[in-house]
Amino acid sequence: MAEERHEVKWEDKSCSLEGGSTFLDVKKAFGWKNDVLMVGEGDDARELRARVTGSCTVVPLTFDDERARWALRHTAAHILAQAVKRLRPDAKLAIGPAIEDGFYYDFDVKTPFTPEDLEKIEAEMKKIVSENSPVVREEVDREKARELFREQGELYKVELVEELPEGEPISLYRQGEFVDLCAGPHVASTGMVKAFKLLSVAGAYWRGDERLPMLQRIYGTAFMKAEDLQAHLDRLEEIKKRDHRRLAKDLDLFSIQEEGGPGLVYWHAKGALIRELIEDFWREEHRKRGYDIVYSPHIAKLDLWKTSGHWNWYKESMYSPMAVEEVEYLLKPMNCPFHILMFKNATRSYRDLPIRMGELGTVYRFERSGVLHGALRVRGFTQDDAHLFCTPEQLEEEIIGVLELTQYMLKVFGYSEYYCMLSVRDPEDKGKYAGDDDIWEMGEAALASALKRKNLEYKIDPGEAKFYGPAIDIKIKDALGRLWQGPTIQADFNLPERFDISYIGEDGAKHRPVMIHRTVLGSMERFVAGLVEHYAGAFPLWLSPTQVQVIPVSEKQADYATKVSERLKEKGFRVVSDLGSEKMGYKIRQAQMQKVPYMLVVGGREAENGTVSVRHRALGDLGSFALDEFMDKAAHEASTKALEPAMK
RNA sequence: GCCAGCGUAGCUCAGUGGUAGAGCAGCGGUUUCGUAAACCGCAGGCCAUGGGUUCGAAUCCCUUCGCUGGCUCCA
């Protein structure tokens, strides 16, 4: 055994190592630098301390590799736990994984952590990093692991050990005096975690279950290089700057009023204008695609919600009933029952189908106070809702139509990347859903087939289906690379049953139509809030509340400025003419901060020649233009809903 | 709902037991100016709310409301 040697190849180099060597030896043999965190062998990523088990071909894995990155952050989580144990020996460890962009660790502590604690913990972590302890994996049997953690009083760990599946190796990772139950992988030593920062503390239930104890979670992030950490922190700053709550205030778009109640949005003039423009576009696009646009009431009898099943399935998200002349009414959390009633209002022929009924319908849902978030998560919102009634044969075509509309609208708003999820039933818990198996299978197949025909890649997401049917959920990526819940398309074989709706077929007999619920923008509140962040408040020209601001150089040009703004208004531009006594530079600054797309500076030269000096909020001074030329270009930019300025 | 933090002028924030402050915005003047902040002055606050401790509370303690970050959930 001792004589056994392994040939290890990397690119055109190779080395021969004796049996028992680890990938650390491989790293040394090839002269890899310290930024190598793991080693790739085939499809596997191996820890540096793992043994080389045979001759192989390898590649070095640095922080750029997702697995190496996660290992580094996972080790950072262990360092965090080690530091906490040093400072708070009574802390009980729960779990501490790497996550997207960082890591966290959950602790059960008698007194919660304060922001000052975080600083101390971070300082202790730095010490642990400088100790550069090797991070060593050890496999143990279940009994030994249980014994070890029981002795240390780590009851959450004992619980985890007990639940590990039979036959799976149980591994511990040690670094210095610290030991943790962990599947790994990790980097080779604490010293490799060079750039990290603790970011926040938050409560988190053990196993995410609110009946279980509340733990204290510390979030942090780690990188290879200080610059990368700084870049990440800068990005967090940028996200803060773009926060729709901040920008909605600065740009006077909308607000939430404490006196009015939480989760209820007040659309100020400028925000309302943006919304109106989006809604006009929405209506136009829907009419083009054969939708009927309707309005329905805000309340309806409780019985209607019993028929629809919402009273059963959705009760805890609905506002309490109100009695009107001794009949109980409910504020609507959804529009679907109303559209069904409208469908039912006449005898429908197969010739009428598909019927596409759209509504910008305002609904109210009771959300727990802790989940409200600006305009993104509210209690009253307007959905761009629609219900499509069709024959089973038409289902797939209709879904394709919705997918096409979705793709078009997302493109117009500048969302070029999105991911499709096919939300299907949780196979473990079929009782949670309404309807028979074969109905569900048919729906899932139609959705999947439509996605395939549109060449949209998708992931299957078990357990994410609505109670009444499977769905396509689309996540959209914004300018900062964040994912948002976007369009959703849901097949429904349940409500048509419940309301016993039908159409008369070619055969003269009654048939059950199929229903699709769908929303493209989601809700106006969420969509506009998302757009604010996506555009960082700088809306494209067609959506900007003020499109052009006319700025006279001095009082002498007030008349000319007024004339220019009148001409712009005649052409349909939204114009502000700033005749105040401040200096031009001040006015420009105000317009820049309000993110007005075009500023027209007019001084003596312009007044004389009938021109305007054009300044764009992002491009700066563009020089002199004849007013007509500016108007033509800007009008084109607005009417084409261009995302980029036309005057480049 | 739960855990933690926060709530001072329209906005952004100082003030940590001893008479409520600044900048910006607003208002009144002066200034008429060439591409991101002219100057002078004035006004503006039940320090979220209700209670308590104290000779004295923006400050310390408790209640309620709201917000923030999470847990959980979702358009």
# chains A, B, ... in the order shown; residues from 1 in each chain; ligands from 1
call {"tool": "residues_around", "arguments": {"residues": "A:Thr22", "least_positions_apart": "4", "cutoff": "7 Å", "atoms": "only C-alpha atoms (C1' of nucleotides)", "output": "list in words"}}
result
Val26, Leu48, Arg49, Ala50, Arg51 and Val52 of chain A
call {"tool": "interface_residues", "arguments": {"of": "chain A", "to": "chain B", "cutoff": "6 Å", "atoms": "only C-alpha atoms (C1' of nucleotides)", "output": "PyMOL selection string"}}
result
chain A and resi 202-205+522-523+554-555+583+586+589
call {"tool": "select_by_dssp", "arguments": {"residues": "stretch 219-465 of chain A", "states": "alpha helix (DSSP H)", "output": "PyMOL selection string"}}
result
chain A and resi 226-242+244-250+269-288+302-308+310-313+336-344+395-412+437-453
call {"tool": "atom_distance", "arguments": {"atom1": "atom CA of A:Tyr350", "atom2": "atom CA of A:Ile504"}}
result
5.8 Å
call {"tool": "residues_around", "arguments": {"residues": "stretch 136-141 of chain A", "least_positions_apart": "2", "cutoff": "10 Å", "atoms": "only C-alpha atoms (C1' of nucleotides)", "output": "PyMOL selection string"}}
result
chain A and resi 47+49-50+133-134+143-146+161+167-176+179-189
call {"tool": "write_last_selection", "arguments": {"atoms": "N, CA and C atoms", "output": "mmCIF file, in the first residue's frame"}}
result
data_model
loop_
_atom_site.group_PDB
_atom_site.id
_atom_site.type_symbol
_atom_site.label_atom_id
_atom_site.label_comp_id
_atom_site.auth_asym_id
_atom_site.auth_seq_id
_atom_site.Cartn_x
_atom_site.Cartn_y
_atom_site.Cartn_z
ATOM 1 N N GLU A 47 -12.011 18.485 -1.598
ATOM 2 C CA GLU A 47 -11.350 19.345 -0.626
ATOM 3 C C GLU A 47 -9.846 19.183 -0.745
ATOM 4 N N ARG A 49 -7.796 18.881 1.647
ATOM 5 C CA ARG A 49 -7.302 17.897 2.614
ATOM 6 C C ARG A 49 -7.746 16.476 2.292
ATOM 7 N N ALA A 50 -8.579 16.317 1.254
ATOM 8 C CA ALA A 50 -9.013 14.964 0.899
ATOM 9 C C ALA A 50 -7.838 14.203 0.305
ATOM 10 N N SER A 133 -5.881 27.712 11.740
ATOM 11 C CA SER A 133 -6.025 26.303 12.126
ATOM 12 C C SER A 133 -6.429 25.465 10.927
ATOM 13 N N PRO A 134 -5.854 24.280 10.815
ATOM 14 C CA PRO A 134 -6.322 23.373 9.767
ATOM 15 C C PRO A 134 -7.778 22.980 10.020
ATOM 16 N N GLU A 143 -23.236 6.762 16.942
ATOM 17 C CA GLU A 143 -23.215 6.753 18.401
ATOM 18 C C GLU A 143 -22.174 7.739 18.925
ATOM 19 N N LYS A 144 -21.027 7.734 18.264
ATOM 20 C CA LYS A 144 -19.949 8.606 18.724
ATOM 21 C C LYS A 144 -20.318 10.078 18.528
ATOM 22 N N ALA A 145 -20.930 10.351 17.409
ATOM 23 C CA ALA A 145 -21.325 11.733 17.131
ATOM 24 C C ALA A 145 -22.354 12.202 18.147
ATOM 25 N N ARG A 146 -23.319 11.323 18.401
ATOM 26 C CA ARG A 146 -24.379 11.676 19.340
ATOM 27 C C ARG A 146 -23.783 11.947 20.719
ATOM 28 N N VAL A 161 -28.083 14.775 14.221
ATOM 29 C CA VAL A 161 -27.412 13.478 14.085
ATOM 30 C C VAL A 161 -28.451 12.374 14.014
ATOM 31 N N GLY A 167 -26.816 4.679 7.097
ATOM 32 C CA GLY A 167 -25.858 4.310 6.058
ATOM 33 C C GLY A 167 -25.065 5.479 5.513
ATOM 34 N N GLU A 168 -25.536 6.697 5.763
ATOM 35 C CA GLU A 168 -24.794 7.847 5.266
ATOM 36 C C GLU A 168 -23.639 8.118 6.220
ATOM 37 N N PRO A 169 -22.438 8.423 5.695
ATOM 38 C CA PRO A 169 -21.329 8.709 6.614
ATOM 39 C C PRO A 169 -21.632 9.979 7.408
ATOM 40 N N ILE A 170 -21.286 9.951 8.684
ATOM 41 C CA ILE A 170 -21.470 11.128 9.526
ATOM 42 C C ILE A 170 -20.102 11.760 9.702
ATOM 43 N N SER A 171 -20.004 13.042 9.330
ATOM 44 C CA SER A 171 -18.682 13.657 9.402
ATOM 45 C C SER A 171 -18.670 14.847 10.333
ATOM 46 N N LEU A 172 -17.508 15.031 10.964
ATOM 47 C CA LEU A 172 -17.272 16.178 11.825
ATOM 48 C C LEU A 172 -16.170 16.994 11.176
ATOM 49 N N TYR A 173 -16.204 18.284 11.426
ATOM 50 C CA TYR A 173 -15.093 19.120 10.999
ATOM 51 C C TYR A 173 -14.535 19.819 12.225
ATOM 52 N N ARG A 174 -13.223 19.720 12.360
ATOM 53 C CA ARG A 174 -12.561 20.362 13.494
ATOM 54 C C ARG A 174 -11.655 21.466 13.012
ATOM 55 N N GLN A 175 -11.632 22.553 13.762
ATOM 56 C CA GLN A 175 -10.640 23.608 13.539
ATOM 57 C C GLN A 175 -10.299 24.147 14.912
ATOM 58 N N GLY A 176 -9.047 23.997 15.334
ATOM 59 C CA GLY A 176 -8.671 24.406 16.681
ATOM 60 C C GLY A 176 -9.513 23.653 17.690
ATOM 61 N N VAL A 179 -15.472 22.049 17.069
ATOM 62 C CA VAL A 179 -15.888 20.902 16.264
ATOM 63 C C VAL A 179 -17.362 21.057 15.915
ATOM 64 N N ASP A 180 -17.700 20.713 14.671
ATOM 65 C CA ASP A 180 -19.084 20.860 14.230
ATOM 66 C C ASP A 180 -19.494 19.659 13.397
ATOM 67 N N LEU A 181 -20.755 19.322 13.530
ATOM 68 C CA LEU A 181 -21.336 18.302 12.672
ATOM 69 C C LEU A 181 -21.537 18.937 11.308
ATOM 70 N N CYS A 182 -20.988 18.325 10.278
ATOM 71 C CA CYS A 182 -21.051 19.014 8.991
ATOM 72 C C CYS A 182 -20.703 18.067 7.869
ATOM 73 N N ALA A 183 -21.442 18.167 6.792
ATOM 74 C CA ALA A 183 -21.179 17.299 5.646
ATOM 75 C C ALA A 183 -20.035 17.848 4.795
ATOM 76 N N GLY A 184 -19.686 19.107 5.022
ATOM 77 C CA GLY A 184 -18.651 19.727 4.208
ATOM 78 C C GLY A 184 -19.200 20.099 2.862
ATOM 79 N N PRO A 185 -18.356 20.410 1.899
ATOM 80 C CA PRO A 185 -16.904 20.501 2.042
ATOM 81 C C PRO A 185 -16.454 21.858 2.598
ATOM 82 N N HIS A 186 -15.176 21.870 2.975
ATOM 83 C CA HIS A 186 -14.581 23.085 3.514
ATOM 84 C C HIS A 186 -13.257 23.372 2.841
ATOM 85 N N VAL A 187 -12.753 24.599 3.081
ATOM 86 C CA VAL A 187 -11.404 24.885 2.619
ATOM 87 C C VAL A 187 -10.425 24.349 3.660
ATOM 88 N N ALA A 188 -9.119 24.381 3.360
ATOM 89 C CA ALA A 188 -8.165 23.608 4.145
ATOM 90 C C ALA A 188 -7.845 24.185 5.517
ATOM 91 N N SER A 189 -7.961 25.511 5.661
ATOM 92 C CA SER A 189 -7.634 26.079 6.959
ATOM 93 C C SER A 189 -8.337 27.418 7.139
#
call {"tool": "residues_around", "arguments": {"residues": "A:Leu198", "least_positions_apart": "6", "cutoff": "8 Å", "atoms": "only C-alpha atoms (C1' of nucleotides)", "output": "number ranges by chain"}}
result
A: 118, 122, 218-221
call {"tool": "write_last_selection", "arguments": {"atoms": "N, CA, C and O atoms", "output": "PDB file, in the first residue's frame"}}
result
ATOM      1  N   LEU A 118     -21.788  42.007  17.252  1.00  0.00           N
ATOM      2  CA  LEU A 118     -21.306  41.633  15.927  1.00  0.00           C
ATOM      3  C   LEU A 118     -19.866  42.090  15.721  1.00  0.00           C
ATOM      4  O   LEU A 118     -19.044  41.353  15.186  1.00  0.00           O
ATOM      5  N   GLU A 122     -16.817  39.672  15.098  1.00  0.00           N
ATOM      6  CA  GLU A 122     -16.008  39.816  13.898  1.00  0.00           C
ATOM      7  C   GLU A 122     -14.518  39.910  14.265  1.00  0.00           C
ATOM      8  O   GLU A 122     -13.668  39.313  13.595  1.00  0.00           O
ATOM      9  N   ILE A 218     -27.056  35.025  12.534  1.00  0.00           N
ATOM     10  CA  ILE A 218     -26.112  36.061  12.120  1.00  0.00           C
ATOM     11  C   ILE A 218     -25.781  35.829  10.651  1.00  0.00           C
ATOM     12  O   ILE A 218     -25.404  34.725  10.263  1.00  0.00           O
ATOM     13  N   TYR A 219     -25.968  36.883   9.850  1.00  0.00           N
ATOM     14  CA  TYR A 219     -25.645  36.807   8.431  1.00  0.00           C
ATOM     15  C   TYR A 219     -24.283  37.445   8.173  1.00  0.00           C
ATOM     16  O   TYR A 219     -23.941  38.454   8.795  1.00  0.00           O
ATOM     17  N   GLY A 220     -23.540  36.874   7.256  1.00  0.00           N
ATOM     18  CA  GLY A 220     -22.274  37.466   6.861  1.00  0.00           C
ATOM     19  C   GLY A 220     -21.955  37.097   5.433  1.00  0.00           C
ATOM     20  O   GLY A 220     -22.693  36.352   4.791  1.00  0.00           O
ATOM     21  N   THR A 221     -20.852  37.627   4.960  1.00  0.00           N
ATOM     22  CA  THR A 221     -20.419  37.227   3.628  1.00  0.00           C
ATOM     23  C   THR A 221     -18.897  37.138   3.622  1.00  0.00           C
ATOM     24  O   THR A 221     -18.236  37.723   4.487  1.00  0.00           O
TER      25      THR A 221
END
call {"tool": "residues_around", "arguments": {"residues": "A:Lys452", "least_positions_apart": "3", "cutoff": "12 Å", "atoms": "only C-alpha atoms (C1' of nucleotides)", "output": "PyMOL selection string"}}
result
chain A and resi 396+399-400+403+420+422+445-449+455-459
call {"tool": "atom_distance", "arguments": {"atom1": "atom CA of A:Met224", "atom2": "atom CA of A:Lys194"}}
result
5.9 Å
call {"tool": "closest_residue", "arguments": {"among": "A:Pro645, A:Gly153, A:Pro552, A:Pro545", "to": "A:Leu273", "atoms": "only C-alpha atoms"}}
result
A:Pro545
call {"tool": "select_by_dssp", "arguments": {"residues": "stretch 262-460 of chain A", "states": "strand (DSSP E)", "output": "PyMOL selection string"}}
result
chain A and resi 265-267+292-293+299-301+322-324+327-331+348-349+355-364+380-390+417-424+458-460
call {"tool": "atom_distance", "arguments": {"atom1": "atom CA of A:Ser349", "atom2": "atom CA of A:Arg512"}}
result
11.3 Å
call {"tool": "decode", "arguments": {"residues": "stretch 28-64 of chain B", "atoms": "N, CA and C atoms (P, O5', C5', C4', C3', O3' and C1' of nucleotides)", "output": "CSV table (one decimal), in the first residue's frame"}}
result
chain,number,residue,atom,x,y,z
B,28,G,P,-43.0,84.1,-1.0
B,28,G,O5',-42.2,85.3,-0.3
B,28,G,C5',-42.9,86.1,0.7
B,28,G,C4',-41.9,87.1,1.3
B,28,G,C3',-41.0,87.7,0.3
B,28,G,O3',-41.6,88.7,-0.4
B,28,G,C1',-39.7,87.0,2.1
B,29,G,P,-41.0,89.3,-1.8
B,29,G,O5',-39.8,90.2,-1.1
B,29,G,C5',-38.7,90.6,-1.9
B,29,G,C4',-37.6,91.1,-1.0
B,29,G,C3',-36.3,91.3,-1.8
B,29,G,O3',-36.3,92.6,-2.3
B,29,G,C1',-35.9,89.9,0.1
B,30,U,P,-36.1,92.7,-3.9
B,30,U,O5',-34.6,92.6,-4.0
B,30,U,C5',-33.7,93.5,-3.3
B,30,U,C4',-32.3,92.9,-3.2
B,30,U,C3',-31.7,92.4,-4.5
B,30,U,O3',-31.2,93.5,-5.3
B,30,U,C1',-31.4,90.8,-2.9
B,31,U,P,-31.3,93.5,-6.9
B,31,U,O5',-30.5,92.2,-7.3
B,31,U,C5',-29.0,92.2,-7.2
B,31,U,C4',-28.5,90.9,-7.5
B,31,U,C3',-28.8,90.4,-8.9
B,31,U,O3',-27.9,91.0,-9.9
B,31,U,C1',-29.1,88.6,-7.4
B,32,U,P,-28.5,91.4,-11.3
B,32,U,O5',-28.8,90.0,-12.1
B,32,U,C5',-27.7,89.3,-12.6
B,32,U,C4',-28.2,88.3,-13.6
B,32,U,C3',-28.9,88.9,-14.8
B,32,U,O3',-28.6,88.2,-16.0
B,32,U,C1',-30.5,87.6,-13.8
B,33,C,P,-27.3,88.3,-16.8
B,33,C,O5',-26.7,86.8,-16.7
B,33,C,C5',-25.4,86.6,-16.4
B,33,C,C4',-25.2,85.4,-15.5
B,33,C,C3',-25.5,84.0,-16.1
B,33,C,O3',-24.4,83.2,-15.8
B,33,C,C1',-26.5,84.3,-14.0
B,34,G,P,-23.3,82.8,-16.9
B,34,G,O5',-24.0,81.5,-17.6
B,34,G,C5',-24.2,80.3,-16.8
B,34,G,C4',-24.2,79.1,-17.8
B,34,G,C3',-22.8,78.8,-18.4
B,34,G,O3',-22.9,77.4,-18.5
B,34,G,C1',-24.4,79.2,-20.1
B,35,U,P,-21.6,76.5,-18.1
B,35,U,O5',-22.2,75.1,-17.6
B,35,U,C5',-23.0,75.1,-16.4
B,35,U,C4',-23.9,73.9,-16.4
B,35,U,C3',-23.1,72.6,-16.6
B,35,U,O3',-23.8,71.6,-15.9
B,35,U,C1',-24.9,72.9,-18.2
B,36,A,P,-23.0,70.8,-14.7
B,36,A,O5',-24.3,70.5,-13.7
B,36,A,C5',-25.0,71.6,-13.1
B,36,A,C4',-25.2,71.3,-11.7
B,36,A,C3',-24.0,71.1,-10.9
B,36,A,O3',-24.2,71.5,-9.5
B,36,A,C1',-25.2,69.2,-10.9
B,37,A,P,-23.3,72.7,-8.9
B,37,A,O5',-24.4,73.7,-8.4
B,37,A,C5',-25.8,73.4,-8.3
B,37,A,C4',-26.4,74.3,-7.3
B,37,A,C3',-25.4,75.3,-6.6
B,37,A,O3',-26.2,76.4,-6.1
B,37,A,C1',-26.2,73.7,-5.1
B,38,A,P,-26.3,77.7,-6.8
B,38,A,O5',-25.1,78.5,-6.2
B,38,A,C5',-25.2,79.0,-4.9
B,38,A,C4',-24.7,80.5,-4.9
B,38,A,C3',-25.1,81.2,-3.6
B,38,A,O3',-24.1,81.0,-2.7
B,38,A,C1',-25.8,82.5,-5.5
B,39,C,P,-24.5,80.7,-1.2
B,39,C,O5',-24.8,82.1,-0.6
B,39,C,C5',-23.8,83.1,-0.6
B,39,C,C4',-24.5,84.5,-0.3
B,39,C,C3',-25.3,84.5,0.9
B,39,C,O3',-24.6,84.7,2.1
B,39,C,C1',-26.5,85.5,-0.9
B,40,C,P,-25.1,84.1,3.5
B,40,C,O5',-26.2,85.2,3.9
B,40,C,C5',-25.9,86.5,4.2
B,40,C,C4',-27.1,87.4,4.4
B,40,C,C3',-28.1,86.8,5.4
B,40,C,O3',-27.8,87.1,6.7
B,40,C,C1',-29.3,87.5,3.4
B,41,G,P,-28.2,86.1,7.9
B,41,G,O5',-29.8,86.3,7.9
B,41,G,C5',-30.4,87.4,8.6
B,41,G,C4',-31.9,87.6,8.2
B,41,G,C3',-32.8,86.6,8.8
B,41,G,O3',-33.1,86.9,10.2
B,41,G,C1',-33.3,86.8,6.5
B,42,C,P,-33.6,85.8,11.2
B,42,C,O5',-35.1,85.4,10.7
B,42,C,C5',-36.1,86.5,10.8
B,42,C,C4',-37.4,85.9,10.1
B,42,C,C3',-37.9,84.6,10.8
B,42,C,O3',-38.7,84.9,11.9
B,42,C,C1',-37.9,84.4,8.4
B,43,A,P,-38.7,83.9,13.2
B,43,A,O5',-39.7,82.8,12.6
B,43,A,C5',-41.1,83.0,12.5
B,43,A,C4',-41.7,82.0,11.5
B,43,A,C3',-41.7,80.6,12.0
B,43,A,O3',-42.9,80.4,12.8
B,43,A,C1',-40.8,80.6,9.9
B,44,G,P,-42.8,79.5,14.1
B,44,G,O5',-42.7,78.0,13.5
B,44,G,C5',-43.8,77.5,12.8
B,44,G,C4',-43.3,76.3,12.0
B,44,G,C3',-42.7,75.1,12.8
B,44,G,O3',-43.8,74.3,13.2
B,44,G,C1',-41.2,75.6,11.0
B,45,G,P,-44.3,74.2,14.8
B,45,G,O5',-44.2,72.7,15.2
B,45,G,C5',-43.8,71.6,14.3
B,45,G,C4',-43.2,70.6,15.1
B,45,G,C3',-43.6,70.5,16.5
B,45,G,O3',-44.7,69.7,16.7
B,45,G,C1',-41.2,70.3,16.3
B,46,C,P,-45.9,70.1,17.6
B,46,C,O5',-45.7,69.3,19.0
B,46,C,C5',-45.4,69.9,20.2
B,46,C,C4',-45.1,68.9,21.2
B,46,C,C3',-45.0,67.4,20.6
B,46,C,O3',-44.2,66.6,21.4
B,46,C,C1',-46.9,67.5,22.1
B,47,C,P,-43.0,66.5,22.0
B,47,C,O5',-42.1,66.0,20.8
B,47,C,C5',-42.5,64.9,20.0
B,47,C,C4',-41.2,64.3,19.5
B,47,C,C3',-40.7,63.0,20.2
B,47,C,O3',-40.3,62.1,19.2
B,47,C,C1',-39.0,64.6,20.2
B,48,A,P,-40.7,60.6,19.4
B,48,A,O5',-42.0,60.3,18.6
B,48,A,C5',-42.6,61.2,17.6
B,48,A,C4',-43.9,60.6,17.2
B,48,A,C3',-44.9,60.3,18.4
B,48,A,O3',-45.6,61.5,18.6
B,48,A,C1',-44.6,58.4,17.1
B,49,U,P,-46.0,61.8,20.2
B,49,U,O5',-47.1,60.6,20.5
B,49,U,C5',-48.3,60.5,19.9
B,49,U,C4',-49.1,59.3,20.5
B,49,U,C3',-49.2,59.3,22.0
B,49,U,O3',-50.2,60.1,22.5
B,49,U,C1',-48.5,57.2,21.3
B,50,G,P,-50.0,61.0,23.8
B,50,G,O5',-50.3,60.0,25.0
B,50,G,C5',-51.6,59.5,25.1
B,50,G,C4',-51.6,58.2,25.9
B,50,G,C3',-51.0,58.4,27.3
B,50,G,O3',-51.8,59.0,28.2
B,50,G,C1',-50.2,56.4,26.3
B,51,G,P,-51.2,59.8,29.5
B,51,G,O5',-50.4,58.7,30.2
B,51,G,C5',-50.9,58.1,31.4
B,51,G,C4',-50.2,56.9,31.8
B,51,G,C3',-49.0,57.0,32.8
B,51,G,O3',-49.4,57.2,34.1
B,51,G,C1',-48.4,55.5,31.1
B,52,G,P,-48.6,58.3,35.0
B,52,G,O5',-47.3,57.5,35.4
B,52,G,C5',-47.5,56.3,36.2
B,52,G,C4',-46.2,55.5,36.1
B,52,G,C3',-45.0,56.2,36.8
B,52,G,O3',-45.0,56.1,38.2
B,52,G,C1',-44.3,55.2,34.8
B,53,U,P,-44.4,57.2,39.1
B,53,U,O5',-42.8,56.9,38.9
B,53,U,C5',-42.2,55.7,39.4
B,53,U,C4',-40.7,55.7,39.1
B,53,U,C3',-40.0,57.0,39.5
B,53,U,O3',-39.7,56.9,40.9
B,53,U,C1',-39.4,56.5,37.3
B,54,U,P,-40.0,58.2,41.9
B,54,U,O5',-39.0,59.3,41.3
B,54,U,C5',-37.6,59.1,41.4
B,54,U,C4',-36.9,60.2,40.6
B,54,U,C3',-37.3,61.6,41.0
B,54,U,O3',-36.6,62.0,42.2
B,54,U,C1',-37.2,61.3,38.6
B,55,C,P,-37.5,62.9,43.3
B,55,C,O5',-37.7,64.3,42.6
B,55,C,C5',-38.7,65.2,43.1
B,55,C,C4',-38.6,66.5,42.4
B,55,C,C3',-38.6,66.4,40.9
B,55,C,O3',-39.9,66.4,40.4
B,55,C,C1',-36.8,67.8,41.6
B,56,G,P,-40.2,65.4,39.2
B,56,G,O5',-39.3,66.0,38.0
B,56,G,C5',-39.7,67.2,37.4
B,56,G,C4',-38.6,67.6,36.4
B,56,G,C3',-38.3,66.6,35.3
B,56,G,O3',-39.3,66.8,34.2
B,56,G,C1',-36.3,67.4,36.2
B,57,A,P,-39.7,65.5,33.4
B,57,A,O5',-38.3,65.1,32.7
B,57,A,C5',-37.6,65.9,31.7
B,57,A,C4',-37.3,65.1,30.5
B,57,A,C3',-38.5,64.6,29.7
B,57,A,O3',-38.2,64.4,28.4
B,57,A,C1',-37.2,62.8,30.5
B,58,A,P,-38.5,65.7,27.4
B,58,A,O5',-38.2,65.0,25.9
B,58,A,C5',-39.0,64.1,25.4
B,58,A,C4',-38.3,63.2,24.4
B,58,A,C3',-37.3,62.2,25.1
B,58,A,O3',-38.0,61.0,25.4
B,58,A,C1',-36.2,63.4,23.4
B,59,U,P,-37.6,60.2,26.6
B,59,U,O5',-36.1,59.9,26.5
B,59,U,C5',-35.5,59.1,25.5
B,59,U,C4',-34.0,59.1,25.6
B,59,U,C3',-33.5,58.5,26.9
B,59,U,O3',-32.3,57.7,26.7
B,59,U,C1',-32.7,60.7,26.7
B,60,C,P,-32.6,56.1,26.6
B,60,C,O5',-32.9,55.7,28.1
B,60,C,C5',-31.9,55.3,29.0
B,60,C,C4',-32.6,54.8,30.2
B,60,C,C3',-33.8,53.9,30.0
B,60,C,O3',-33.5,52.6,29.7
B,60,C,C1',-34.3,55.5,31.7
B,61,C,P,-34.5,51.7,28.8
B,61,C,O5',-35.7,51.4,29.9
B,61,C,C5',-35.4,50.5,30.9
B,61,C,C4',-36.7,50.3,31.7
B,61,C,C3',-37.9,49.8,30.8
B,61,C,O3',-37.9,48.5,30.5
B,61,C,C1',-38.6,51.6,32.2
B,62,C,P,-38.5,47.9,29.1
B,62,C,O5',-40.1,48.1,29.3
B,62,C,C5',-40.8,47.1,30.1
B,62,C,C4',-42.2,47.6,30.3
B,62,C,C3',-43.1,47.6,29.1
B,62,C,O3',-43.6,46.4,28.7
B,62,C,C1',-43.4,49.6,30.4
B,63,U,P,-43.9,46.2,27.1
B,63,U,O5',-45.3,47.0,26.9
B,63,U,C5',-46.5,46.7,27.7
B,63,U,C4',-47.6,47.6,27.3
B,63,U,C3',-47.8,47.7,25.8
B,63,U,O3',-48.6,46.6,25.3
B,63,U,C1',-47.9,49.9,26.7
B,64,U,P,-48.4,46.0,23.8
B,64,U,O5',-49.1,47.2,23.0
B,64,U,C5',-50.5,47.4,23.0
B,64,U,C4',-50.8,48.7,22.3
B,64,U,C3',-50.3,48.8,20.8
B,64,U,O3',-51.2,48.1,19.9
B,64,U,C1',-49.7,50.8,21.9
